[in-house]
file protein.txt (compact mmCIF, C-alpha atoms)
# COMPACT_ATOMS: atom_id res chain seq x y z
CA MET G 1 2.00 28.20 45.22
CA ALA G 2 5.47 27.90 43.80
CA ALA G 3 4.41 24.76 42.09
CA LYS G 4 1.63 26.54 40.35
CA GLU G 5 3.91 29.09 38.83
CA LEU G 6 6.41 26.53 37.72
CA VAL G 7 3.96 24.55 35.73
CA SER G 8 1.74 27.20 34.27
CA GLY G 9 2.71 27.36 30.65
CA GLY G 10 -0.55 26.77 28.90
CA ASN G 11 0.51 23.19 28.61
CA THR G 12 -1.58 20.49 30.16
CA VAL G 13 0.00 17.61 31.95
CA ILE G 14 -1.78 14.64 33.43
CA GLY G 15 0.53 13.39 36.14
CA PRO G 16 1.39 9.74 36.66
CA SER G 17 -0.97 9.11 39.53
CA ILE G 18 -3.94 10.84 37.96
CA LEU G 19 -6.88 9.03 36.45
CA ILE G 20 -9.31 10.92 34.29
CA SER G 21 -12.36 9.08 33.13
CA GLY G 22 -14.82 10.78 30.91
CA LYS G 23 -14.51 13.23 28.13
CA LEU G 24 -11.56 15.50 27.64
CA THR G 25 -11.47 18.22 25.03
CA GLY G 26 -9.11 21.07 24.48
CA ASP G 27 -7.17 23.39 22.30
CA GLU G 28 -3.66 22.91 23.55
CA ASP G 29 -0.96 20.32 23.82
CA LEU G 30 -1.63 17.56 26.28
CA THR G 31 0.93 15.36 27.94
CA VAL G 32 -0.34 12.21 29.57
CA ARG G 33 1.78 10.50 32.20
CA GLY G 34 -1.17 9.04 34.03
CA ARG G 35 -4.38 7.49 32.76
CA VAL G 36 -7.12 8.88 30.61
CA GLU G 37 -10.19 6.81 29.87
CA GLY G 38 -13.14 7.69 27.74
CA GLU G 39 -12.88 10.17 24.97
CA LEU G 40 -10.14 12.61 24.13
CA SER G 41 -10.18 15.29 21.48
CA LEU G 42 -7.68 18.06 20.96
CA ASN G 43 -6.84 20.51 18.23
CA ARG G 44 -3.19 20.11 19.06
CA THR G 45 -0.71 17.45 19.99
CA LEU G 46 -1.24 14.57 22.32
CA ILE G 47 1.86 13.12 23.91
CA VAL G 48 1.46 9.87 25.76
CA GLU G 49 4.62 9.40 27.73
CA SER G 50 6.00 6.05 28.70
CA SER G 51 4.10 5.99 31.97
CA GLY G 52 0.92 7.15 30.30
CA VAL G 53 -2.08 4.99 29.56
CA VAL G 54 -4.88 6.14 27.33
CA LYS G 55 -7.94 3.99 26.90
CA ALA G 56 -10.00 6.21 24.74
CA ASN G 57 -11.05 7.16 21.30
CA VAL G 58 -8.68 9.91 20.43
CA THR G 59 -9.13 12.73 17.95
CA VAL G 60 -6.15 15.02 17.66
CA LYS G 61 -3.92 16.83 15.24
CA ASN G 62 -0.76 14.98 16.16
CA ALA G 63 -0.18 12.09 18.48
CA VAL G 64 3.09 10.79 19.84
CA VAL G 65 2.73 7.54 21.69
CA SER G 66 5.48 6.35 23.98
CA GLY G 67 3.14 4.74 26.44
CA VAL G 68 0.05 2.65 25.99
CA VAL G 69 -2.98 3.48 23.92
CA VAL G 70 -5.99 1.24 23.66
CA GLY G 71 -8.54 2.70 21.31
CA ASN G 72 -8.70 4.37 17.99
CA ILE G 73 -6.66 7.40 17.06
CA GLN G 74 -7.75 9.77 14.39
CA ALA G 75 -5.25 12.47 13.63
CA SER G 76 -5.48 15.25 11.10
CA GLU G 77 -1.72 15.25 10.69
CA SER G 78 0.33 12.44 12.11
CA VAL G 79 0.54 9.58 14.54
CA GLU G 80 3.87 8.36 15.76
CA LEU G 81 4.52 5.24 17.77
CA THR G 82 7.93 5.51 19.36
CA HIS G 83 10.09 2.57 20.28
CA GLU G 84 8.39 2.42 23.67
CA GLY G 85 4.92 2.87 22.31
CA ARG G 86 2.31 0.15 22.53
CA MET G 87 -1.03 0.43 20.92
CA VAL G 88 -4.10 -1.61 20.16
CA GLY G 89 -6.63 0.03 17.92
CA ASP G 90 -7.04 1.64 14.56
CA ILE G 91 -5.07 4.58 13.32
CA ARG G 92 -6.38 7.03 10.80
CA ALA G 93 -3.98 9.73 9.76
CA PRO G 94 -2.26 10.93 6.62
CA ARG G 95 1.10 10.27 8.22
CA VAL G 96 1.69 7.27 10.40
CA ILE G 97 5.12 6.55 11.79
CA ILE G 98 5.82 3.30 13.55
CA VAL G 99 9.32 2.99 14.83
CA ASP G 100 11.29 -0.16 15.41
CA GLY G 101 10.45 -1.49 18.86
CA ALA G 102 6.91 -0.18 18.88
CA SER G 103 4.13 -2.66 19.32
CA PHE G 104 0.92 -2.20 17.45
CA ARG G 105 -2.15 -4.19 16.62
CA GLY G 106 -4.89 -2.70 14.54
CA ARG G 107 -5.60 -1.10 11.25
CA VAL G 108 -3.87 1.77 9.62
CA ASP G 109 -5.63 4.06 7.23
CA MET G 110 -3.57 6.77 5.61
CA GLY G 111 -6.34 7.77 3.26
CA GLU G 112 -5.63 7.69 -0.45
CA LEU G 113 -3.06 5.09 -1.32
CA PRO G 114 -0.66 5.76 -4.17
CA PRO G 115 -1.91 3.91 -7.28
CA GLY G 116 -0.01 1.38 -9.33
CA ARG G 117 2.04 -1.80 -9.00
CA SER G 118 0.65 -5.31 -8.64
CA LEU G 119 0.35 -5.35 -12.42
CA PRO G 120 3.28 -7.70 -13.04
CA GLU G 121 1.86 -10.44 -10.86
CA ARG G 122 -1.51 -10.48 -12.49
CA SER G 123 -0.41 -10.32 -16.08
CA THR G 124 0.06 -14.07 -16.28
CA ARG G 125 -3.26 -15.38 -15.04
CA PRO G 126 -5.68 -13.23 -16.93
CA GLN G 127 -3.85 -13.94 -20.14
CA ILE G 128 -4.42 -17.63 -19.88
CA ARG G 129 -8.10 -17.44 -19.29
CA PRO G 130 -9.01 -15.23 -22.15
CA THR G 131 -7.11 -17.47 -24.49
CA MET G 132 -9.02 -20.45 -23.24
CA ARG G 133 -12.37 -18.92 -23.83
CA SER G 134 -11.93 -17.71 -27.34
CA LEU G 135 -9.98 -20.72 -28.44
CA PRO G 136 -11.91 -23.86 -29.07
CA ALA G 137 -8.66 -25.67 -29.75
CA PRO G 138 -6.70 -27.10 -26.81
CA PRO G 139 -3.20 -26.14 -27.95
CA PRO G 140 -3.57 -22.49 -27.17
CA ARG G 141 -3.35 -23.07 -23.43
CA PRO G 142 0.37 -23.36 -23.34
CA ALA G 143 0.38 -20.18 -25.28
CA THR G 144 3.81 -19.05 -24.30
CA PRO G 145 5.49 -22.42 -24.25
CA ALA G 146 3.81 -23.65 -27.37
CA ALA G 147 4.86 -20.70 -29.33
CA LYS G 148 8.46 -20.92 -28.32
CA THR G 149 8.88 -24.67 -28.16
CA PRO G 150 6.92 -26.32 -30.82
CA ALA G 151 9.78 -28.73 -31.14
CA ALA G 152 10.64 -28.99 -27.49
CA ALA G 153 7.10 -28.68 -26.29
CA GLY G 154 6.92 -32.23 -25.06
CA LYS G 155 10.30 -32.08 -23.45
CA ILE G 156 10.19 -29.05 -21.32
CA PRO G 157 6.69 -28.25 -20.30
CA ALA G 158 7.35 -26.65 -16.94
CA PRO G 159 10.38 -24.56 -17.66
CA ALA G 160 8.80 -23.38 -20.82
CA GLY G 161 6.29 -21.54 -18.72
CA LYS G 162 9.06 -19.28 -17.58
CA GLY G 163 9.90 -18.99 -21.22
CA ALA G 164 12.03 -15.94 -21.41
CA ALA G 165 14.86 -17.43 -19.40
CA PRO G 166 15.41 -20.71 -21.26
CA ALA G 167 15.44 -18.78 -24.48
CA GLY G 168 18.98 -19.91 -25.15
CA LYS G 169 17.80 -23.36 -26.16
CA GLY G 170 16.89 -22.40 -29.59
CA PRO G 171 13.19 -22.22 -29.01
CA ALA G 172 14.03 -18.61 -28.53
CA ALA G 173 14.70 -18.38 -32.19
CA LYS G 174 11.37 -19.92 -32.98
CA PRO G 175 9.06 -17.54 -31.26
CA PRO G 176 9.02 -15.30 -34.26
CA ALA G 177 8.26 -18.32 -36.38
CA PRO G 178 4.94 -19.27 -34.83
CA PRO G 179 3.16 -16.15 -35.93
CA PRO G 180 3.25 -17.10 -39.60
CA PRO G 181 1.54 -20.48 -39.20
CA PRO G 182 -1.52 -19.11 -37.44
CA PRO G 183 -2.67 -17.09 -40.42
CA GLY G 184 -2.57 -20.27 -42.44
CA ARG G 185 -4.53 -22.17 -39.83
CA ARG G 186 -7.24 -19.68 -40.11
CA SER G 187 -8.12 -20.15 -36.48
CA ALA G 188 -7.00 -16.60 -36.51
CA GLY G 189 -8.20 -16.27 -32.99
CA MET G 190 -5.09 -18.05 -31.94
CA PRO G 191 -2.46 -15.68 -33.12
CA GLY G 192 -4.02 -12.75 -31.43
CA ILE G 193 -4.32 -14.66 -28.23
CA VAL G 194 -0.98 -16.27 -28.36
CA ARG G 195 0.47 -12.89 -28.65
CA THR G 196 -0.91 -12.15 -25.22
CA ALA G 197 2.10 -13.92 -23.86
CA SER G 198 4.00 -10.75 -24.45
CA SER G 199 1.49 -8.95 -22.26
CA ALA G 200 0.27 -6.97 -25.21
CA PRO G 201 -2.44 -4.32 -24.92
CA PRO G 202 -5.49 -6.53 -25.41
CA PRO G 203 -5.18 -8.29 -22.06
CA ALA G 204 -4.71 -4.97 -20.36
CA PRO G 205 -8.34 -4.36 -19.46
CA LEU G 206 -8.55 -7.79 -17.95
CA VAL G 207 -5.47 -7.13 -15.92
CA VAL G 208 -6.96 -3.98 -14.60
CA ALA G 209 -10.05 -5.79 -13.50
CA ALA G 210 -8.05 -8.41 -11.75
CA GLY G 211 -5.90 -5.79 -10.21
CA SER G 212 -8.78 -3.92 -8.74
CA LYS G 213 -10.07 -7.01 -7.06
CA LYS G 214 -6.76 -7.71 -5.57
CA THR G 215 -6.28 -4.27 -4.15
CA VAL G 216 -9.51 -4.65 -2.31
CA VAL G 217 -8.24 -7.80 -0.77
CA VAL G 218 -5.13 -6.05 0.35
CA LYS G 219 -7.12 -3.45 2.17
CA LYS G 220 -9.05 -6.08 4.01
CA LYS G 221 -5.92 -7.70 5.17
CA LYS G 222 -4.65 -4.51 6.59
CA MET O 1 7.93 16.55 41.05
CA ALA O 2 4.76 15.08 39.83
CA ASN O 3 2.39 17.71 38.76
CA THR O 4 -0.78 17.71 36.85
CA VAL O 5 -2.07 20.77 35.10
CA ILE O 6 -5.34 21.08 33.29
CA GLY O 7 -4.65 23.92 30.89
CA SER O 8 -6.96 26.79 30.28
CA SER O 9 -8.40 25.51 27.01
CA ILE O 10 -9.04 22.03 28.32
CA VAL O 11 -12.50 20.79 29.14
CA ILE O 12 -12.92 17.59 31.07
CA ASP O 13 -16.29 16.06 31.53
CA GLY O 14 -15.98 13.12 33.84
CA GLU O 15 -14.02 12.02 36.80
CA ILE O 16 -10.53 12.85 37.93
CA SER O 17 -8.82 10.94 40.66
CA GLY O 18 -5.25 10.69 41.78
CA ASP O 19 -2.56 10.95 44.37
CA GLU O 20 -0.87 14.16 43.42
CA ASP O 21 -1.38 17.87 43.22
CA LEU O 22 -3.72 19.07 40.55
CA VAL O 23 -3.83 22.53 39.05
CA ILE O 24 -6.92 23.50 37.14
CA GLN O 25 -6.79 26.39 34.72
CA GLY O 26 -9.47 25.03 32.44
CA THR O 27 -12.86 23.50 32.94
CA VAL O 28 -13.74 20.34 34.79
CA LYS O 29 -17.22 18.94 35.17
CA GLY O 30 -18.05 15.83 37.11
CA LYS O 31 -16.08 14.75 40.09
CA ILE O 32 -12.61 15.29 41.49
CA SER O 33 -11.07 13.16 44.17
CA LEU O 34 -7.46 13.55 45.20
CA ARG O 35 -5.32 12.75 48.16
CA GLU O 36 -3.28 15.88 47.74
CA SER O 37 -3.93 19.50 46.94
CA LEU O 38 -6.20 20.98 44.36
CA TYR O 39 -5.59 24.44 42.97
CA VAL O 40 -8.31 26.08 40.98
CA GLU O 41 -6.67 29.06 39.39
CA GLY O 42 -8.29 32.28 38.30
CA SER O 43 -9.19 30.95 34.88
CA GLY O 44 -10.36 27.63 36.26
CA VAL O 45 -13.97 26.58 36.25
CA VAL O 46 -15.07 23.55 38.21
CA GLU O 47 -18.55 22.17 38.24
CA ALA O 48 -17.90 19.15 40.32
CA ASP O 49 -17.95 17.63 43.71
CA ILE O 50 -14.50 17.78 45.18
CA GLU O 51 -12.86 15.52 47.69
CA THR O 52 -9.26 16.27 48.53
CA GLN O 53 -6.86 17.04 51.30
CA ASN O 54 -6.39 20.70 50.48
CA VAL O 55 -8.16 23.04 48.13
CA GLU O 56 -7.19 26.52 47.06
CA ILE O 57 -9.72 28.28 44.93
CA ALA O 58 -9.14 31.45 42.99
CA GLY O 59 -11.52 30.62 40.17
CA ARG O 60 -15.07 29.43 40.04
CA VAL O 61 -16.38 26.32 41.69
CA THR O 62 -19.88 24.99 41.70
CA GLY O 63 -20.30 21.89 43.79
CA ASN O 64 -19.69 20.49 47.18
CA ILE O 65 -16.20 20.58 48.57
CA GLN O 66 -14.93 18.20 51.17
CA ALA O 67 -11.35 18.43 52.35
CA THR O 68 -9.54 16.44 54.98
CA ASP O 69 -7.31 19.35 55.83
CA LYS O 70 -8.09 22.79 54.51
CA VAL O 71 -10.22 24.77 52.10
CA GLU O 72 -9.07 28.21 51.11
CA LEU O 73 -11.29 30.59 49.20
CA LYS O 74 -9.15 33.33 47.81
CA ALA O 75 -10.04 36.82 46.79
CA ASP O 76 -11.97 36.95 43.54
CA CYS O 77 -13.09 33.34 43.73
CA ARG O 78 -16.70 32.43 43.25
CA VAL O 79 -17.90 29.36 45.02
CA VAL O 80 -21.36 27.91 45.23
CA GLY O 81 -21.82 24.76 47.28
CA ASP O 82 -21.26 23.28 50.66
CA VAL O 83 -17.82 23.27 52.14
CA LYS O 84 -16.74 20.78 54.72
CA ALA O 85 -13.28 20.76 56.21
CA PRO O 86 -11.57 21.20 59.54
CA ARG O 87 -10.00 24.44 58.37
CA ILE O 88 -11.77 26.85 56.11
CA LEU O 89 -10.35 30.20 55.11
CA ILE O 90 -12.35 32.79 53.28
CA ALA O 91 -10.38 35.77 52.11
CA ASP O 92 -11.62 39.28 51.73
CA GLY O 93 -13.14 39.65 48.28
CA ALA O 94 -14.20 36.05 47.93
CA SER O 95 -17.72 35.29 46.87
CA PHE O 96 -19.29 32.28 48.47
CA LYS O 97 -22.73 30.83 48.83
CA GLY O 98 -23.36 27.62 50.70
CA ASN O 99 -22.95 25.88 53.99
CA VAL O 100 -19.78 25.73 55.95
CA ASP O 101 -19.04 22.77 58.12
CA MET O 102 -15.89 22.80 60.21
CA ASP O 103 -16.99 19.95 62.33
CA THR O 104 -13.79 18.47 63.61
CA LYS O 105 -15.40 16.02 65.95
CA GLU O 106 -15.64 13.41 63.27
CA ARG O 107 -11.91 13.18 62.95
call {"tool": "encode", "arguments": {"input": "protein.txt", "output": "structure tokens"}}
result
Amino acid sequence: MAAKELVSGGNTVIGPSILISGKLTGDEDLTVRGRVEGELSLNRTLIVESSGVVKANVTVKNAVVSGVVVGNIQASESVELTHEGRMVGDIRAPRVIIVDGASFRGRVDMGELPPGRSLPERSTRPQIRPTMRSLPAPPPRPATPAAKTPAAAGKIPAPAGKGAAPAGKGPAAKPPAPPPPPPGRRSAGMPGIVRTASSAPPPAPLVVAAGSKKTVVVKKKK
Amino acid sequence: MANTVIGSSIVIDGEISGDEDLVIQGTVKGKISLRESLYVEGSGVVEADIETQNVEIAGRVTGNIQATDKVELKADCRVVGDVKAPRILIADGASFKGNVDMDTKER
């Protein structure tokens, strides 16, 4: 009797020696020190303590995992894996906190990812390809190097690629020079393309396309 | 003190087993097997077969109850099902429908 009164607080606790298998639903906080298997859905917070084991698909508002969870967790607010927490499964929640020491294997989905970045990486590749297409002439390939090192072109092929840095060699002074010749050559296509080296606007759409592909890849990896 | 409480808004559909006291304020359907005491409080609703050492019922239970020690039906409880235990107490005000078996010869 005394025990009853001590514990009654509207808070549910699954003690360490208890095994629940089946479906558990509720509208209050739940603390698991024992085992729950099956399906678990709450409108409140699930706390899996260090002795707790949950093998279930979990739908909650918040989850704090210090014990073991095998299964997927979908939370409307947050999921936290503490330093003692171990989990295998997928997490879907707008806020996911994984602390140092926690062990986790599975996917994380926080919903909408913030846009942007990954542009710098791509800018180089797409530029080269477009130039190749539109330019029948071979020289355009080394667009950046060629422009800067007409003189040194043969000498420093590789480093030239990283162009900006070796600028001190004097080729740096030449970059402005190249533009004039193209008009004379008439292969006007070249100047426009060469210019891409500076990551000018034209290549932008291509970059975007490449970028979108890559982001998809990233998601898969996760 | 190990203690398990199924809160009043909790619904469990399945099986509960364990080695410690269990307090039910919510709803449990399925099966309960414990080696300790089960308390079904006033707000508790159990639609399950129960196997424990002790049971105290103040809420509603539908199902067969088998206890190795004692079953206590308190005032205001509502129980439908067969009860089997060496000691069975039915308090004034309890509502009960089912068979009672206090057969102690088995043990």
call {"tool": "interface_residues", "arguments": {"input": "protein.txt", "of": "chain O", "to": "chain G", "cutoff": "6 Å", "atoms": "only C-alpha atoms", "output": "list in words"}}
result
Ala2, Asn3, Thr4, Val5, Ile6, Gly7, Ser9, Ile10, Val11, Ile12, Asp13, Gly14, Glu15, Ile16, Ser17, Gly18 and Asp19 of chain O
call {"tool": "residues_around", "arguments": {"input": "protein.txt", "residues": "Val79 in chain G", "least_positions_apart": "3", "cutoff": "10 Å", "atoms": "only C-alpha atoms", "output": "MDAnalysis selection string"}}
result
chainID G and resid 45:46 60:65 73:76 82 91:98
call {"tool": "atom_distance", "arguments": {"input": "protein.txt", "atom1": "CA of Glu80 in chain G", "atom2": "CA of Asp21 in chain O"}}
result
29.5 Å
call {"tool": "atom_distance", "arguments": {"input": "protein.txt", "atom1": "CA of Ile47 in chain G", "atom2": "CA of Asp109 in chain G"}}
result
20.4 Å
call {"tool": "residues_around", "arguments": {"input": "protein.txt", "residues": "Thr27 in chain O", "least_positions_apart": "5", "cutoff": "6 Å", "atoms": "only C-alpha atoms", "output": "PDB file with C-alpha atoms, in the frame of the given file"}}
result
ATOM      1  CA  VAL O  11     -12.500  20.790  29.140  1.00  0.00           C
ATOM      2  CA  GLY O  44     -10.360  27.630  36.260  1.00  0.00           C
ATOM      3  CA  VAL O  45     -13.970  26.580  36.250  1.00  0.00           C
ATOM      4  CA  VAL O  46     -15.070  23.550  38.210  1.00  0.00           C
TER       5      VAL O  46
END
call {"tool": "residues_around", "arguments": {"input": "protein.txt", "residues": "Asp92 in chain O", "least_positions_apart": "5", "cutoff": "10 Å", "atoms": "all atoms listed in the file", "output": "PyMOL selection string"}}
result
chain O and resi 73-76
